[in-house]
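Encoded as structure tokens, the structure appears first; notes follow it.
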Amino acid sequence: MTTAQQPAPLGSASVALGAAPVEAPRTPLGLITLALIVGGFAIGTTEFVTMGLLPQIASGLAVSIPTAGHTISAYAVGVVVGTPLVAVLGARWPRRGLALALMAVFAVGNIASSVAASYESLVLARFLAGLPHGAFFGVSALIVASVAPAHQRGRAVSRVMLGIPIANMIGVPAATWLGQEVGWRSAYWLVAGLAVLTIALVALWVPVTPGNPQASGRRELAALRNTQLWLTLAVGAVGFGGMFAMYSYIAPTVTDVTGLAESAVPWFLLAFGLGGALGSLVGGWLADWSVLRGLVLSLVGVGAVLALFTLTAQWAWPAVLTVFLVSVMASSLVVVLQLRLMQVAGDAETIGAASNHAALNMANALGAWLGGLVIAAGWGYQAASWVGVALSLGGLVFLGASLLLHRRGGGRGGCGQVRGTVGGV
């Protein structure tokens, strides 16, 4: 076993941040980061706006709300399929070129979503739009890690991930309002415009960043033999699915359970976005203390506040506050999951950087599907939150297995000691 594969003590490890630095770019790091944040903002908006517009989409395509929820799952499946595919095929690509290609596919997928004439065509369009999601965040992290000074890499990578929290605070509420006022298709046109803007900014500001000449599809796929990687992916795919079981159906919950008008839905989405921003800070604090203990606390917290939401959903202000708390705990889970996956991936840096989003979108597909099943069975929208509680507990089961393997020093790459560090684990 190499040094990069030695299990680390519980509560400490280092985190991979990407390839070796390239020559300092002429463009300020802030502008490079901003270009990539805009892309993340577009991705975060399209991922979550479907949830806010689910009733309008269902009405427009003449299908039920649970059936329309399958478009959420289709996007998530696209992310899951696209992440390893791009990691294998694009491991050696120049990273700016790869980012541009991914954003072009993303733009086409959202244009196709906006003109979809049927439920089936919308499902296919959402799948296409999801393909670049995880890989774009992965390559963005590798780009900023390669151009930032060594002592700033951790902060640079954390900043480039701000697109989704900002989208949940601004993009999703705004696109939801636009979709309600003008029609649901307008939200996807807005995202397509943001994708085109990202292409322009990346081409203008992001320097040519070479791929890793030592990378190969075989090496990236070798990470898939890592037991700890699969267990950590399962923690995210199952445990984080609890949030999606509830949040996928937040719009009809607000109108049918809380008893508010559709105009209140963007305020709930704003509360979710604010919670996400705070949760990212909480997750960073937990990660500095201990990634593994942070995973436990975040999963328990998600389950607890989802159970609380089954009680508070019928009252406006308690419901808003609980949605905020769900987002705080879920976003903290995202941060510690990201660091844990980068630990256990070892030398497979592309898979390690991107696989968190694949896991979270497995959670998206699973949570939306299971939540839709209980709603379609007539158990009500609050039942979806109980599904979320069960999924959070399921994530704890996989985490328990990972902790046992970690303590025994087993599993390939139990906790990698690799290039670049950010915080304690």
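Chain labels run A, B, ... following the order of the structure tokens; each chain numbers its residues from 1, and ligands are numbered from 1 in the order shown.
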
Do you know which residues are at most 7 Å from Pro55 in chain A counting only C-alpha atoms, after dropping those on the same chain fewer than 2 positions away, and could you put them as a list in words?
-> Leu53, Ile57, Ala58, Ser59, Ile65 and Pro252 of chain A

Written file, previous selection with N, CA and C atoms, as a PDB file, in the first residue's frame:
ATOM      1  N   LEU A  53     -41.438  25.099  -9.731  1.00  0.00           N
ATOM      2  CA  LEU A  53     -42.421  25.243 -10.810  1.00  0.00           C
ATOM      3  C   LEU A  53     -43.137  23.941 -11.135  1.00  0.00           C
ATOM      4  N   ILE A  57     -45.459  23.075 -14.444  1.00  0.00           N
ATOM      5  CA  ILE A  57     -44.992  22.109 -15.440  1.00  0.00           C
ATOM      6  C   ILE A  57     -46.011  20.992 -15.614  1.00  0.00           C
ATOM      7  N   ALA A  58     -46.521  20.491 -14.494  1.00  0.00           N
ATOM      8  CA  ALA A  58     -47.522  19.419 -14.551  1.00  0.00           C
ATOM      9  C   ALA A  58     -48.757  19.882 -15.316  1.00  0.00           C
ATOM     10  N   SER A  59     -49.225  21.098 -15.028  1.00  0.00           N
ATOM     11  CA  SER A  59     -50.403  21.626 -15.709  1.00  0.00           C
ATOM     12  C   SER A  59     -50.134  21.835 -17.194  1.00  0.00           C
ATOM     13  N   ILE A  65     -48.639  15.901 -10.682  1.00  0.00           N
ATOM     14  CA  ILE A  65     -47.443  16.461 -10.052  1.00  0.00           C
ATOM     15  C   ILE A  65     -46.397  15.379  -9.765  1.00  0.00           C
ATOM     16  N   PRO A 252     -46.151  22.354  -3.943  1.00  0.00           N
ATOM     17  CA  PRO A 252     -47.491  21.922  -3.553  1.00  0.00           C
ATOM     18  C   PRO A 252     -47.673  21.806  -2.047  1.00  0.00           C
TER      19      PRO A 252
END

Please provide the set of residues having any atom within 12 Å of Arg159 in chain A, restricted to only C-alpha atoms, with same-chain residues fewer than 4 positions apart removed, written as a PDB file with C-alpha atoms, in the first residue's frame.
ATOM      1  CA  LEU A  29      -7.906  35.038  -9.842  1.00  0.00           C
ATOM      2  CA  GLY A  30     -11.109  36.824  -8.793  1.00  0.00           C
ATOM      3  CA  LEU A  31     -12.278  37.155 -12.419  1.00  0.00           C
ATOM      4  CA  ILE A  32     -11.414  33.520 -13.174  1.00  0.00           C
ATOM      5  CA  THR A  33     -13.406  32.461 -10.132  1.00  0.00           C
ATOM      6  CA  LEU A  34     -16.307  34.756 -11.057  1.00  0.00           C
ATOM      7  CA  ALA A  35     -16.590  33.220 -14.531  1.00  0.00           C
ATOM      8  CA  LEU A  36     -16.868  29.751 -13.029  1.00  0.00           C
ATOM      9  CA  ILE A  37     -19.259  30.901 -10.292  1.00  0.00           C
ATOM     10  CA  VAL A  38     -21.643  32.178 -12.985  1.00  0.00           C
ATOM     11  CA  GLY A  40     -22.350  27.176 -11.044  1.00  0.00           C
ATOM     12  CA  PHE A 137     -17.916  21.656 -10.791  1.00  0.00           C
ATOM     13  CA  SER A 140     -13.819  24.256 -12.054  1.00  0.00           C
ATOM     14  CA  ALA A 141     -12.204  23.137  -8.802  1.00  0.00           C
ATOM     15  CA  VAL A 144      -8.729  27.350  -9.738  1.00  0.00           C
ATOM     16  CA  ALA A 145      -6.509  24.955  -7.797  1.00  0.00           C
ATOM     17  CA  ALA A 148      -4.121  29.863  -7.347  1.00  0.00           C
ATOM     18  CA  GLN A 152      -4.803  30.012  -1.304  1.00  0.00           C
ATOM     19  CA  ARG A 153      -5.966  26.838  -3.033  1.00  0.00           C
ATOM     20  CA  GLY A 154      -8.400  25.756  -0.368  1.00  0.00           C
ATOM     21  CA  ARG A 155     -10.146  29.124  -0.272  1.00  0.00           C
ATOM     22  CA  GLY A 163     -22.669  29.163  -7.411  1.00  0.00           C
ATOM     23  CA  ILE A 164     -25.304  26.829  -5.977  1.00  0.00           C
ATOM     24  CA  PRO A 165     -25.832  28.678  -2.646  1.00  0.00           C
ATOM     25  CA  ILE A 166     -26.115  31.967  -4.521  1.00  0.00           C
ATOM     26  CA  ALA A 277     -25.205  29.732   2.654  1.00  0.00           C
ATOM     27  CA  SER A 280     -21.743  25.883   4.043  1.00  0.00           C
ATOM     28  CA  LEU A 281     -20.088  27.812   6.876  1.00  0.00           C
TER      29      LEU A 281
END

When distances are computed from only C-alpha atoms, which of A:Val147, A:Ala76, A:Val160, A:Leu269 shows the smallest separation from Gly241 in chain A?
->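 Between A:Val147, A:Ala76, A:Val160, A:Leu269, the residue approaching Gly241 in chain A most closely is A:Ala76.
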
Pick out the closest residue to Ser64 in chain A from this set: A:Val206, A:Ala376, A:Leu292, A:Leu339. Count only C-alpha atoms.
-> A:Ala376

Range 236-285 of chain A near range 180-187 of chain A within 12 Å: what's each residue's closest atom pair and its distance in Å to one decimal, counting only C-alpha atoms, ordered by chain then ascending residue number, as a tab-separated table?
residue	atom	partner	partner_atom	distance
A:Ala251	CA	A:Gln180	CA	11.5
A:Ala261	CA	A:Gln180	CA	11.7
A:Glu262	CA	A:Gln180	CA	8.2
A:Ser263	CA	A:Gln180	CA	8.3
A:Ala264	CA	A:Gln180	CA	11.3
A:Val265	CA	A:Gln180	CA	10.0
A:Pro266	CA	A:Gln180	CA	9.9

Keeping only N, CA and C atoms, write the selected residues to a file as an mmCIF file, in the first residue's frame.
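The resulting file, result_31.cif, is shown below:
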data_model
loop_
_atom_site.group_PDB
_atom_site.id
_atom_site.type_symbol
_atom_site.label_atom_id
_atom_site.label_comp_id
_atom_site.auth_asym_id
_atom_site.auth_seq_id
_atom_site.Cartn_x
_atom_site.Cartn_y
_atom_site.Cartn_z
ATOM 1 N N ALA A 251 -43.324 23.158 -3.437
ATOM 2 C CA ALA A 251 -44.349 24.068 -3.972
ATOM 3 C C ALA A 251 -45.759 23.597 -3.636
ATOM 4 N N ALA A 261 -50.649 31.110 -0.846
ATOM 5 C CA ALA A 261 -50.761 31.297 -2.287
ATOM 6 C C ALA A 261 -49.455 30.908 -2.981
ATOM 7 N N GLU A 262 -49.520 30.697 -4.288
ATOM 8 C CA GLU A 262 -48.318 30.350 -5.048
ATOM 9 C C GLU A 262 -47.240 31.414 -4.906
ATOM 10 N N SER A 263 -47.655 32.642 -4.708
ATOM 11 C CA SER A 263 -46.687 33.732 -4.584
ATOM 12 C C SER A 263 -45.791 33.586 -3.359
ATOM 13 N N ALA A 264 -46.170 32.707 -2.425
ATOM 14 C CA ALA A 264 -45.345 32.492 -1.232
ATOM 15 C C ALA A 264 -44.204 31.517 -1.493
ATOM 16 N N VAL A 265 -44.313 30.733 -2.564
ATOM 17 C CA VAL A 265 -43.304 29.702 -2.821
ATOM 18 C C VAL A 265 -41.901 30.295 -2.965
ATOM 19 N N PRO A 266 -41.694 31.375 -3.729
ATOM 20 C CA PRO A 266 -40.332 31.935 -3.814
ATOM 21 C C PRO A 266 -39.732 32.324 -2.472
#

Atom pair CA of Val208 in chain A / CA of Pro132 in chain A: separation (Å) |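 It comes out at 19.8 Å.
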
What residues in range 354-392 of chain A get the DSSP label alpha helix (DSSP H)? Please answer as a count of residues only.
-> 33

Between CA of Ala401 in chain A and CA of Asn226 in chain A, what is the distance, to one decimal in Å?
->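 Going from CA of Ala401 in chain A over to CA of Asn226 in chain A, I get 13.9 Å.
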